[in-house]
Amino acid sequence: MSKPGAIDFSTFPDASGHFGPYGGRFVSETLISALDELQAMYSRLKDDPDFVAAFDHDLAHYVGRPSPLYLAERLTEQAGGARIWLKREDLNHTGAHKVNNTVGQALLAKHSGKSRVIAETGAGQHGVATATVAARLGLQCTVYMGAEDVKRQSPNVYRMKLLGAEVVPVESGSKTLKDAMNEAMRDWVTNVDNTFYIIGTVAGPHPYPQLVRDFNSIIGREARRQSLEQFGQLPDALVACVGGGSNAIGLFHPFLNDSEVKMFGVEAGGEGLATGRHAAPLNDGIPGVLHGNRTYLMEDEDGQIIETHSVSAGLDYPGVGPEHAWLKDIGRVEYVTADDKEALDAFRRLTRTEGILPALESSHAVAYAMKLAAEMAPEQNIVVNLSGRGDKDIFTVAAIDGIEV
Amino acid sequence: MTEQNRIDCRFARLRGEGRKALVTYIVAGDGGLENTVPMMHQLVASGADIIELGVPFSDPMAEGPVIQKGHERALASGASLRKCLALVKEFRQVDEETPVILMGYANPIQRMGEREFADAALNAGVDGALTVDLPAEEAGPLNELLAERNLRNIFLLTPTTTEERIREITGLASGFVYYVSLKGVTGAGHLDLDSVRDNLEHIRRFTDLPLCVGFGIKDGSSARSVSAHGDGAVVGSVLVSAVAQAADLAVAKAKLGEIVSEMRRALDR
């Protein structure tokens, strides 16, 4: 429990949307009033009993929550140390944690009276989760996706189209997630009167990092309760992968005031930190300003954002949520990396030992958790966020194996 | 600091002459780093009052497709914030009078350091800065550093800016206020002149600073229409598009000259 004088993490961000020096609102003037409007609406609704009940209802009956906390016995045995528990976000409707947030933001969109939603997507998971809730509420939906990602993730592109969304390939810049986010911002600035922007991660201008975190915090609230029920104490450690960081903050946030719970955010080490070809801004980046917030970024000496590399498209992003930047600086969370090879090994290992095919993103967390477990005692407990299922990744893995599916 | 800022001088002169300001935007390094300064001189020779030099950024979030491509070409030709500053210094060797504003995004300035940027801008002969993604809430420290050096900080006002914010922003702004004529990115096409007039009249109640109108201005006639209710017009995408289409510097200069003189004539008519 929190000690006197310790930081109360539930009070962040501050009124202007900052987590220490990070976060804030770095957008052009046209968007400020839309952000003010969103913030006012969210402050009004977040503790409103009807809104909370509607969100809880959708999580239970549409998403399928609570997701299980599963003891991975054979994986634990192979790692040879602490018990590894998997928080099964892969079992959610649409196959990942992303839907927690899109269900919440769709409720906000409905309240705003706007008839159209837009989203950015990298691997396509957030795009699918957005197209899904848009279909359910009868909202018009446009998803921006880097042209490179459109090529790499064609099954998800088709899923979004089946759900009735328009998918716009983005040809500017590096043609990946960051460019998709630029393009979604441009759309929003132009159509701000009738359009609600559903951001998929805990980045972007205030209040997005806060509300995306809050909607995903259901992960940590459930995990906390399940830990007490299933093993009678809080976990000794939490492990989650970090791209933008929405699944990680969702797991971590309800435990931040529990100082005895250690936390590890696992960034994409790509081809290895030393090669520079990775997506690990917290390990090898520098604070700067991108996509509406101040945070750690991958950039060159002139402040230009550089391309990132990861086997997992969902972690392939040069920035990270501002709350993570702050949690790193104050030392509350330790940010580490798992490289492509380690993630692929973990992907295969979990599939073969537990019959669970993890997303390549989540495989980074599994990889680190196995290393960590080996250094811990058998009576200790690690909770790993299994943020998504790996069905979407079989083409990537098959290609690496030289197999045509 | 007793020395007058070039932006202030220019607007004082224009007001005295009863003329409107023509503010012209090109991206530094677009069309080749070595060609930027000659293009700047061409803009001035054809009647530009103020040069807004775009500082290229990898993620120019507020730009439409034409200026985005300009940023990409400029970066490919090796442009950076430091090189932009060097270009202004070179421009100043010949032109001591024309105000130059750097228009760009926060991150390159953050990377250089706000204080170092402010010093370097003063040293290079820059007169002001417009940082698109640095709204009033986040602009405080840079604003002070620029003010201490008698440099101007240009802010955007938009059709969505509330009255409360207009007060706040005009309190921080200096040089002139840049009114964004539409909801959208640079180069968009849906200019609503009635709304521009109404909004400029509204903003005028809160500030004596010159009001320049940008976004969606394509030719002399649209420049003249928007500036009828303000103090000047800003033109960007149409110039960047001309640079993009030009095969070499001579063609680029000729085309820029043609567009800018037509606008100048329309404004002075």
# chains A, B, ... in the order shown; residues from 1 in each chain; ligands from 1
$ residues_around --residues "stretch 50-60 of chain B" --least-positions-apart "6" --cutoff "7 Å" --atoms "only C-alpha atoms" --output "list in words"
Gly173, Asn182, Gln304 and Ile305 of chain A; Leu22, Val23, Thr24, Tyr25, Ile26, Val27, Ala28, Gln68, His71, Ala74, Leu75, Ala79, Ser80, Leu81, Cys84, Thr98, Pro99, Val100, Ile101, Leu102, Met103, Gly104 and Tyr105 of chain B
$ residues_around --residues "B:Arg152" --least-positions-apart "2" --cutoff "6 Å" --atoms "only C-alpha atoms" --output "list in words"
Gly128, Ser174 and Gly175 of chain B
$ write_last_selection --atoms "C-alpha atoms" --output "PDB file, in the first residue's frame"
ATOM      1  CA  GLY B 128      10.038  35.378 -35.680  1.00  0.00           C
ATOM      2  CA  SER B 174       3.543  39.273 -31.216  1.00  0.00           C
ATOM      3  CA  GLY B 175       4.413  40.392 -34.736  1.00  0.00           C
TER       4      GLY B 175
END
$ select_by_dssp --residues "stretch 268-384 of chain A" --states "strand (DSSP E or B)" --output "list in words"
Ala268, Ala279, Ile286, Pro287, Gly288, Val289, Leu290, Gly292, Asn293, Arg294, Thr295, Tyr296, Leu297, Glu299, Ile305, Glu334, Tyr335, Val336, Thr337, Ala338, Pro358, Asn381, Ile382, Val383 and Val384 of chain A
$ residues_around --residues "A:Ala180" --least-positions-apart "3" --cutoff "12 Å" --atoms "only C-alpha atoms" --output "PDB file with N, CA and C atoms, in the first residue's frame"
ATOM      1  N   ILE A 118     -13.028   7.764 -36.804  1.00  0.00           N
ATOM      2  CA  ILE A 118     -11.817   7.457 -37.560  1.00  0.00           C
ATOM      3  C   ILE A 118     -10.807   6.838 -36.603  1.00  0.00           C
ATOM      4  N   ALA A 119      -9.849   6.120 -37.153  1.00  0.00           N
ATOM      5  CA  ALA A 119      -8.806   5.506 -36.335  1.00  0.00           C
ATOM      6  C   ALA A 119      -7.553   5.343 -37.173  1.00  0.00           C
ATOM      7  N   GLU A 120      -6.410   5.232 -36.489  1.00  0.00           N
ATOM      8  CA  GLU A 120      -5.167   4.843 -37.130  1.00  0.00           C
ATOM      9  C   GLU A 120      -4.901   3.397 -36.762  1.00  0.00           C
ATOM     10  N   THR A 121      -4.201   2.678 -37.587  1.00  0.00           N
ATOM     11  CA  THR A 121      -3.835   1.328 -37.160  1.00  0.00           C
ATOM     12  C   THR A 121      -2.499   0.919 -37.765  1.00  0.00           C
ATOM     13  N   GLY A 122      -1.785   0.059 -37.045  1.00  0.00           N
ATOM     14  CA  GLY A 122      -0.506  -0.436 -37.549  1.00  0.00           C
ATOM     15  C   GLY A 122      -0.722  -1.833 -38.096  1.00  0.00           C
ATOM     16  N   ALA A 123      -0.752  -2.816 -37.181  1.00  0.00           N
ATOM     17  CA  ALA A 123      -0.978  -4.193 -37.594  1.00  0.00           C
ATOM     18  C   ALA A 123      -2.420  -4.422 -38.017  1.00  0.00           C
ATOM     19  N   GLY A 124      -3.297  -3.542 -37.592  1.00  0.00           N
ATOM     20  CA  GLY A 124      -4.701  -3.694 -37.965  1.00  0.00           C
ATOM     21  C   GLY A 124      -5.599  -4.070 -36.804  1.00  0.00           C
ATOM     22  N   GLY A 127      -7.599  -1.108 -35.727  1.00  0.00           N
ATOM     23  CA  GLY A 127      -8.519  -0.813 -36.823  1.00  0.00           C
ATOM     24  C   GLY A 127      -9.699  -1.767 -36.812  1.00  0.00           C
ATOM     25  N   THR A 142     -13.751   5.255 -40.857  1.00  0.00           N
ATOM     26  CA  THR A 142     -12.605   5.306 -41.767  1.00  0.00           C
ATOM     27  C   THR A 142     -11.355   4.969 -40.973  1.00  0.00           C
ATOM     28  N   VAL A 143     -10.555   4.029 -41.489  1.00  0.00           N
ATOM     29  CA  VAL A 143      -9.331   3.629 -40.800  1.00  0.00           C
ATOM     30  C   VAL A 143      -8.124   3.970 -41.670  1.00  0.00           C
ATOM     31  N   TYR A 144      -7.166   4.687 -41.104  1.00  0.00           N
ATOM     32  CA  TYR A 144      -5.926   5.017 -41.809  1.00  0.00           C
ATOM     33  C   TYR A 144      -4.860   3.990 -41.458  1.00  0.00           C
ATOM     34  N   MET A 145      -4.190   3.513 -42.493  1.00  0.00           N
ATOM     35  CA  MET A 145      -3.203   2.450 -42.303  1.00  0.00           C
ATOM     36  C   MET A 145      -2.063   2.702 -43.284  1.00  0.00           C
ATOM     37  N   GLY A 146      -0.834   2.662 -42.808  1.00  0.00           N
ATOM     38  CA  GLY A 146       0.310   2.863 -43.680  1.00  0.00           C
ATOM     39  C   GLY A 146       0.262   1.905 -44.864  1.00  0.00           C
ATOM     40  N   ALA A 147       0.636   2.411 -46.043  1.00  0.00           N
ATOM     41  CA  ALA A 147       0.560   1.584 -47.247  1.00  0.00           C
ATOM     42  C   ALA A 147       1.400   0.311 -47.102  1.00  0.00           C
ATOM     43  N   GLU A 148       2.529   0.421 -46.393  1.00  0.00           N
ATOM     44  CA  GLU A 148       3.376  -0.758 -46.168  1.00  0.00           C
ATOM     45  C   GLU A 148       2.627  -1.798 -45.321  1.00  0.00           C
ATOM     46  N   ASP A 149       1.934  -1.298 -44.292  1.00  0.00           N
ATOM     47  CA  ASP A 149       1.199  -2.202 -43.406  1.00  0.00           C
ATOM     48  C   ASP A 149       0.004  -2.830 -44.120  1.00  0.00           C
ATOM     49  N   VAL A 150      -0.621  -2.066 -45.027  1.00  0.00           N
ATOM     50  CA  VAL A 150      -1.747  -2.607 -45.792  1.00  0.00           C
ATOM     51  C   VAL A 150      -1.284  -3.850 -46.547  1.00  0.00           C
ATOM     52  N   VAL A 167     -10.897   1.592 -45.584  1.00  0.00           N
ATOM     53  CA  VAL A 167      -9.493   1.550 -45.185  1.00  0.00           C
ATOM     54  C   VAL A 167      -8.696   2.408 -46.167  1.00  0.00           C
ATOM     55  N   VAL A 168      -8.031   3.438 -45.631  1.00  0.00           N
ATOM     56  CA  VAL A 168      -7.277   4.352 -46.489  1.00  0.00           C
ATOM     57  C   VAL A 168      -5.783   4.077 -46.337  1.00  0.00           C
ATOM     58  N   PRO A 169      -5.121   3.594 -47.405  1.00  0.00           N
ATOM     59  CA  PRO A 169      -3.675   3.382 -47.323  1.00  0.00           C
ATOM     60  C   PRO A 169      -2.954   4.730 -47.317  1.00  0.00           C
ATOM     61  N   VAL A 170      -2.013   4.917 -46.389  1.00  0.00           N
ATOM     62  CA  VAL A 170      -1.309   6.188 -46.259  1.00  0.00           C
ATOM     63  C   VAL A 170       0.058   6.079 -46.943  1.00  0.00           C
ATOM     64  N   GLU A 171       0.255   6.944 -47.928  1.00  0.00           N
ATOM     65  CA  GLU A 171       1.455   6.842 -48.768  1.00  0.00           C
ATOM     66  C   GLU A 171       2.573   7.787 -48.322  1.00  0.00           C
ATOM     67  N   SER A 172       2.302   8.629 -47.312  1.00  0.00           N
ATOM     68  CA  SER A 172       3.316   9.626 -46.939  1.00  0.00           C
ATOM     69  C   SER A 172       4.339   9.042 -45.973  1.00  0.00           C
ATOM     70  N   GLY A 173       5.478   9.733 -45.862  1.00  0.00           N
ATOM     71  CA  GLY A 173       6.530   9.386 -44.897  1.00  0.00           C
ATOM     72  C   GLY A 173       6.999   7.958 -45.052  1.00  0.00           C
ATOM     73  N   SER A 174       7.064   7.243 -43.926  1.00  0.00           N
ATOM     74  CA  SER A 174       7.568   5.868 -43.965  1.00  0.00           C
ATOM     75  C   SER A 174       6.447   4.861 -44.236  1.00  0.00           C
ATOM     76  N   LYS A 175       5.215   5.370 -44.445  1.00  0.00           N
ATOM     77  CA  LYS A 175       4.069   4.522 -44.810  1.00  0.00           C
ATOM     78  C   LYS A 175       3.751   3.473 -43.755  1.00  0.00           C
ATOM     79  N   THR A 176       3.952   3.841 -42.468  1.00  0.00           N
ATOM     80  CA  THR A 176       3.635   2.910 -41.384  1.00  0.00           C
ATOM     81  C   THR A 176       2.745   3.612 -40.358  1.00  0.00           C
ATOM     82  N   LEU A 177       2.699   3.040 -39.147  1.00  0.00           N
ATOM     83  CA  LEU A 177       1.756   3.502 -38.126  1.00  0.00           C
ATOM     84  C   LEU A 177       1.856   4.996 -37.831  1.00  0.00           C
ATOM     85  N   GLU A 183      -2.067  11.122 -40.611  1.00  0.00           N
ATOM     86  CA  GLU A 183      -3.165  11.267 -41.561  1.00  0.00           C
ATOM     87  C   GLU A 183      -4.522  11.300 -40.847  1.00  0.00           C
ATOM     88  N   ALA A 184      -4.652  10.507 -39.791  1.00  0.00           N
ATOM     89  CA  ALA A 184      -5.900  10.524 -39.016  1.00  0.00           C
ATOM     90  C   ALA A 184      -6.085  11.902 -38.370  1.00  0.00           C
ATOM     91  N   MET A 185      -4.992  12.483 -37.876  1.00  0.00           N
ATOM     92  CA  MET A 185      -5.058  13.834 -37.288  1.00  0.00           C
ATOM     93  C   MET A 185      -5.512  14.843 -38.345  1.00  0.00           C
ATOM     94  N   ARG A 186      -4.989  14.682 -39.563  1.00  0.00           N
ATOM     95  CA  ARG A 186      -5.357  15.615 -40.643  1.00  0.00           C
ATOM     96  C   ARG A 186      -6.837  15.479 -40.986  1.00  0.00           C
ATOM     97  N   ASP A 187      -7.317  14.253 -40.998  1.00  0.00           N
ATOM     98  CA  ASP A 187      -8.740  14.032 -41.240  1.00  0.00           C
ATOM     99  C   ASP A 187      -9.556  14.703 -40.134  1.00  0.00           C
ATOM    100  N   ILE A 199      -8.387   7.113 -30.850  1.00  0.00           N
ATOM    101  CA  ILE A 199      -6.954   6.788 -30.823  1.00  0.00           C
ATOM    102  C   ILE A 199      -6.776   5.436 -30.143  1.00  0.00           C
ATOM    103  N   GLY A 200      -5.829   4.644 -30.660  1.00  0.00           N
ATOM    104  CA  GLY A 200      -5.701   3.263 -30.216  1.00  0.00           C
ATOM    105  C   GLY A 200      -4.700   3.017 -29.116  1.00  0.00           C
ATOM    106  N   HIS A 291       3.068  13.648 -32.267  1.00  0.00           N
ATOM    107  CA  HIS A 291       1.677  13.211 -32.153  1.00  0.00           C
ATOM    108  C   HIS A 291       0.985  13.777 -30.924  1.00  0.00           C
ATOM    109  N   TYR A 317       6.618   1.377 -33.488  1.00  0.00           N
ATOM    110  CA  TYR A 317       6.199   2.771 -33.329  1.00  0.00           C
ATOM    111  C   TYR A 317       7.339   3.534 -32.657  1.00  0.00           C
TER     112      TYR A 317
ATOM    113  N   ASP B  59       7.295  14.505 -39.747  1.00  0.00           N
ATOM    114  CA  ASP B  59       5.883  14.227 -39.477  1.00  0.00           C
ATOM    115  C   ASP B  59       5.059  15.515 -39.432  1.00  0.00           C
ATOM    116  N   MET B  61       2.236  17.181 -39.355  1.00  0.00           N
ATOM    117  CA  MET B  61       0.862  16.783 -39.081  1.00  0.00           C
ATOM    118  C   MET B  61      -0.197  17.752 -39.593  1.00  0.00           C
TER     119      MET B  61
END
$ interface_residues --of "chain B" --to "chain A" --cutoff "10 Å" --atoms "only C-alpha atoms" --output "PyMOL selection string"
chain B and resi 56-65+68-69+71-72+75+79-83+105-112+131-139+155-162+165+180+182-186+188
$ write_last_selection --atoms "N, CA and C atoms" --output "compact mmCIF listing (two decimals), in the first residue's frame"
# COMPACT_ATOMS: atom_id res chain seq x y z
N PRO B 56 11.62 21.80 -42.54
CA PRO B 56 11.06 20.47 -42.80
C PRO B 56 11.09 19.56 -41.57
N PHE B 57 10.03 18.76 -41.47
CA PHE B 57 9.91 17.81 -40.36
C PHE B 57 9.39 16.48 -40.93
N SER B 58 9.84 15.41 -40.33
CA SER B 58 9.46 14.08 -40.80
C SER B 58 7.96 13.81 -40.66
N ASP B 59 7.29 14.50 -39.75
CA ASP B 59 5.88 14.23 -39.48
C ASP B 59 5.06 15.51 -39.43
N PRO B 60 4.93 16.18 -40.59
CA PRO B 60 4.25 17.48 -40.61
C PRO B 60 2.73 17.33 -40.56
N MET B 61 2.24 17.18 -39.35
CA MET B 61 0.86 16.78 -39.08
C MET B 61 -0.20 17.75 -39.59
N ALA B 62 0.15 19.03 -39.69
CA ALA B 62 -0.88 20.02 -40.07
C ALA B 62 -0.88 20.33 -41.56
N GLU B 63 -0.03 19.64 -42.32
CA GLU B 63 0.10 19.99 -43.73
C GLU B 63 -0.74 19.07 -44.61
N GLY B 64 -1.24 19.66 -45.67
CA GLY B 64 -1.90 18.88 -46.71
C GLY B 64 -0.86 18.22 -47.59
N PRO B 65 -1.30 17.43 -48.57
CA PRO B 65 -0.38 16.61 -49.37
C PRO B 65 0.71 17.41 -50.09
N GLN B 68 3.33 18.48 -47.48
CA GLN B 68 3.97 17.25 -46.99
C GLN B 68 5.07 16.79 -47.92
N LYS B 69 4.74 16.77 -49.21
CA LYS B 69 5.73 16.33 -50.20
C LYS B 69 6.93 17.28 -50.22
N HIS B 71 8.11 18.87 -47.66
CA HIS B 71 8.93 18.51 -46.51
C HIS B 71 9.76 17.26 -46.82
N GLU B 72 9.13 16.30 -47.46
CA GLU B 72 9.86 15.05 -47.78
C GLU B 72 11.02 15.33 -48.74
N LEU B 75 13.83 17.15 -46.84
CA LEU B 75 14.61 16.26 -45.98
C LEU B 75 15.53 15.40 -46.82
N ALA B 79 18.01 18.93 -45.73
CA ALA B 79 17.66 20.09 -44.92
C ALA B 79 17.42 19.70 -43.46
N SER B 80 17.65 20.66 -42.57
CA SER B 80 17.43 20.47 -41.13
C SER B 80 17.23 21.86 -40.54
N LEU B 81 16.89 21.93 -39.28
CA LEU B 81 16.71 23.24 -38.63
C LEU B 81 18.01 24.05 -38.69
N ARG B 82 19.13 23.40 -38.38
CA ARG B 82 20.40 24.13 -38.41
C ARG B 82 20.70 24.67 -39.81
N LYS B 83 20.41 23.85 -40.81
CA LYS B 83 20.68 24.32 -42.18
C LYS B 83 19.72 25.46 -42.56
N TYR B 105 7.73 22.68 -36.73
CA TYR B 105 7.16 21.85 -35.67
C TYR B 105 8.08 21.85 -34.46
N ALA B 106 7.50 21.47 -33.33
CA ALA B 106 8.21 21.61 -32.06
C ALA B 106 9.46 20.74 -31.95
N ASN B 107 9.42 19.51 -32.50
CA ASN B 107 10.49 18.58 -32.13
C ASN B 107 11.90 18.99 -32.56
N PRO B 108 12.10 19.49 -33.80
CA PRO B 108 13.46 19.92 -34.13
C PRO B 108 13.99 21.02 -33.19
N ILE B 109 13.09 21.91 -32.75
CA ILE B 109 13.51 22.97 -31.82
C ILE B 109 13.84 22.37 -30.45
N GLN B 110 13.01 21.41 -30.02
CA GLN B 110 13.27 20.75 -28.74
C GLN B 110 14.61 20.03 -28.77
N ARG B 111 14.89 19.40 -29.91
CA ARG B 111 16.13 18.64 -30.01
C ARG B 111 17.34 19.57 -29.93
N MET B 112 17.23 20.72 -30.59
CA MET B 112 18.33 21.68 -30.57
C MET B 112 18.43 22.32 -29.19
N THR B 131 5.43 27.97 -34.55
CA THR B 131 5.57 26.54 -34.29
C THR B 131 4.17 25.95 -34.22
N VAL B 132 3.84 25.21 -35.28
CA VAL B 132 2.46 24.78 -35.51
C VAL B 132 1.89 23.99 -34.34
N ASP B 133 2.70 23.07 -33.80
CA ASP B 133 2.18 22.19 -32.75
C ASP B 133 2.61 22.65 -31.35
N LEU B 134 2.77 23.94 -31.20
CA LEU B 134 3.08 24.50 -29.88
C LEU B 134 1.99 25.52 -29.54
N PRO B 135 0.83 25.03 -29.09
CA PRO B 135 -0.26 25.96 -28.77
C PRO B 135 0.07 26.75 -27.51
N ALA B 136 -0.78 27.73 -27.21
CA ALA B 136 -0.53 28.63 -26.09
C ALA B 136 -0.12 27.90 -24.81
N GLU B 137 -0.79 26.77 -24.52
CA GLU B 137 -0.55 26.04 -23.27
C GLU B 137 0.91 25.61 -23.12
N GLU B 138 1.55 25.28 -24.24
CA GLU B 138 2.89 24.70 -24.17
C GLU B 138 3.96 25.68 -24.61
N ALA B 139 3.56 26.90 -25.01
CA ALA B 139 4.49 27.81 -25.69
C ALA B 139 5.28 28.69 -24.73
N PHE B 155 1.28 33.23 -33.55
CA PHE B 155 0.33 32.18 -33.16
C PHE B 155 -0.78 32.06 -34.19
N LEU B 156 -1.36 30.87 -34.22
CA LEU B 156 -2.50 30.62 -35.09
C LEU B 156 -3.80 30.85 -34.32
N LEU B 157 -4.76 31.44 -34.98
CA LEU B 157 -6.14 31.44 -34.50
C LEU B 157 -6.96 30.75 -35.58
N THR B 158 -8.00 30.04 -35.18
CA THR B 158 -8.75 29.26 -36.15
C THR B 158 -10.25 29.50 -35.96
N PRO B 159 -11.06 29.00 -36.89
CA PRO B 159 -12.51 29.17 -36.73
C PRO B 159 -13.03 28.50 -35.46
N THR B 160 -12.26 27.57 -34.88
CA THR B 160 -12.73 26.85 -33.69
C THR B 160 -12.22 27.46 -32.39
N THR B 161 -11.38 28.51 -32.48
CA THR B 161 -10.81 29.10 -31.26
C THR B 161 -11.90 29.86 -30.50
N THR B 162 -12.04 29.55 -29.22
CA THR B 162 -13.07 30.21 -28.40
C THR B 162 -12.63 31.62 -28.02
N ARG B 165 -9.93 31.74 -25.44
CA ARG B 165 -8.59 31.46 -25.98
C ARG B 165 -8.08 32.59 -26.85
N VAL B 180 -6.16 31.10 -39.44
CA VAL B 180 -6.35 29.95 -40.31
C VAL B 180 -7.80 29.98 -40.80
N LEU B 182 -9.79 28.10 -42.41
CA LEU B 182 -10.71 26.97 -42.52
C LEU B 182 -10.31 25.86 -41.58
N LYS B 183 -11.24 24.93 -41.37
CA LYS B 183 -10.93 23.73 -40.61
C LYS B 183 -10.29 22.77 -41.59
N GLY B 184 -9.04 22.49 -41.40
CA GLY B 184 -8.40 21.57 -42.33
C GLY B 184 -6.90 21.75 -42.33
N VAL B 185 -6.26 21.12 -43.30
CA VAL B 185 -4.81 21.19 -43.43
C VAL B 185 -4.46 22.23 -44.49
N THR B 186 -3.16 22.54 -44.59
CA THR B 186 -2.73 23.51 -45.58
C THR B 186 -3.12 23.04 -46.98
N ALA B 188 -6.03 23.13 -48.41
CA ALA B 188 -7.41 22.70 -48.60
C ALA B 188 -8.18 23.76 -49.39
$ residues_around --residues "A:Val202" --least-positions-apart "4" --cutoff "8 Å" --atoms "only C-alpha atoms" --output "ChimeraX atom specification"
/A:208-213,244-246,249,320-322
$ write_last_selection --atoms "C-alpha atoms" --output "short mmCIF file (atom, residue, chain, number, x, y, z; two decimals), in the first residue's frame"
data_model
loop_
_atom_site.label_atom_id
_atom_site.label_comp_id
_atom_site.auth_asym_id
_atom_site.auth_seq_id
_atom_site.Cartn_x
_atom_site.Cartn_y
_atom_site.Cartn_z
CA TYR A 208 -6.27 10.54 -24.89
CA PRO A 209 -3.44 9.01 -22.80
CA GLN A 210 -5.73 9.23 -19.79
CA LEU A 211 -8.91 7.87 -21.27
CA VAL A 212 -7.27 5.04 -23.20
CA ARG A 213 -5.52 4.07 -19.96
CA GLY A 244 2.52 2.74 -27.52
CA GLY A 245 1.89 1.04 -24.21
CA SER A 246 -1.89 0.65 -23.83
CA ILE A 249 -0.58 0.69 -18.65
CA VAL A 320 5.53 5.63 -26.38
CA GLY A 321 2.78 6.82 -24.06
CA PRO A 322 3.81 9.77 -21.87
#
$ residues_around --residues "B:Ala45" --least-positions-apart "6" --cutoff "10 Å" --atoms "only C-alpha atoms" --output "PyMOL selection string"
chain B and resi 39+257+260-261
$ residues_around --residues "A:Leu251" --least-positions-apart "2" --cutoff "10 Å" --atoms "only C-alpha atoms" --output "PDB file with C-alpha atoms, in the first residue's frame"
ATOM      1  CA  LYS A  87      -3.872 -12.542 -18.208  1.00  0.00           C
ATOM      2  CA  ARG A 213      -5.521   4.072 -19.961  1.00  0.00           C
ATOM      3  CA  ASN A 216      -7.811  -0.522 -20.427  1.00  0.00           C
ATOM      4  CA  SER A 217      -7.388  -0.450 -16.652  1.00  0.00           C
ATOM      5  CA  ILE A 218     -10.074  -3.107 -16.459  1.00  0.00           C
ATOM      6  CA  ILE A 219      -7.169  -5.489 -17.212  1.00  0.00           C
ATOM      7  CA  GLY A 220      -5.305  -4.573 -14.035  1.00  0.00           C
ATOM      8  CA  ARG A 221      -8.398  -4.288 -11.861  1.00  0.00           C
ATOM      9  CA  GLU A 222      -9.420  -7.814 -12.803  1.00  0.00           C
ATOM     10  CA  ALA A 223      -5.873  -9.147 -12.456  1.00  0.00           C
ATOM     11  CA  ARG A 224      -5.570  -7.632  -8.993  1.00  0.00           C
ATOM     12  CA  LEU A 238       3.912  -7.726 -13.731  1.00  0.00           C
ATOM     13  CA  VAL A 239       5.194  -8.037 -17.289  1.00  0.00           C
ATOM     14  CA  ALA A 240       3.698  -6.501 -20.424  1.00  0.00           C
ATOM     15  CA  SER A 246      -1.888   0.648 -23.832  1.00  0.00           C
ATOM     16  CA  ASN A 247      -1.966  -2.964 -22.682  1.00  0.00           C
ATOM     17  CA  ALA A 248       0.936  -2.385 -20.294  1.00  0.00           C
ATOM     18  CA  ILE A 249      -0.576   0.690 -18.653  1.00  0.00           C
ATOM     19  CA  HIS A 253      -2.075   1.243 -13.461  1.00  0.00           C
ATOM     20  CA  PRO A 254      -4.294  -0.375 -10.804  1.00  0.00           C
ATOM     21  CA  PHE A 255      -1.101  -1.709  -9.121  1.00  0.00           C
ATOM     22  CA  LEU A 256       1.045   1.449  -9.262  1.00  0.00           C
ATOM     23  CA  MET A 263       6.713  -3.961 -13.046  1.00  0.00           C
ATOM     24  CA  VAL A 383       1.439 -11.920 -14.075  1.00  0.00           C
ATOM     25  CA  VAL A 384       2.050 -11.536 -17.804  1.00  0.00           C
ATOM     26  CA  ASN A 385      -0.348  -9.641 -19.998  1.00  0.00           C
ATOM     27  CA  SER A 387      -2.478  -8.903 -24.765  1.00  0.00           C
TER      28      SER A 387
END
$ atom_distance --atom1 "atom CA of B:Ala223" --atom2 "atom CA of B:Ala48"
12.5 Å
$ select_by_dssp --residues "stretch 39-233 of chain B" --states "helix (DSSP H, G or I)" --output "PyMOL selection string"
chain B and resi 39-45+65-76+81-92+106-112+114-124+136-148+163-172+193-204+220-227
$ atom_distance --atom1 "atom CA of A:Ala279" --atom2 "atom CA of A:Arg88"
24.6 Å
$ closest_residue --among "A:Asp284, A:Thr295, A:Met41, A:Pro49" --to "A:Trp326" --atoms "only C-alpha atoms"
A:Thr295
$ atom_distance --atom1 "atom CA of A:Leu344" --atom2 "atom CA of A:Lys262"
25.1 Å
$ residues_around --residues "stretch 311-315 of chain A" --least-positions-apart "6" --cutoff "10 Å" --atoms "only C-alpha atoms" --output "JSON, numbers by chain"
{"A": [121, 122, 123, 124, 125, 126, 149, 152, 153, 176, 177, 241, 242, 243, 244, 245, 267, 268, 269, 270, 271, 278, 279, 280, 339, 340, 341, 343, 344, 359, 360, 361, 362, 363, 364, 393, 396, 397, 400]}
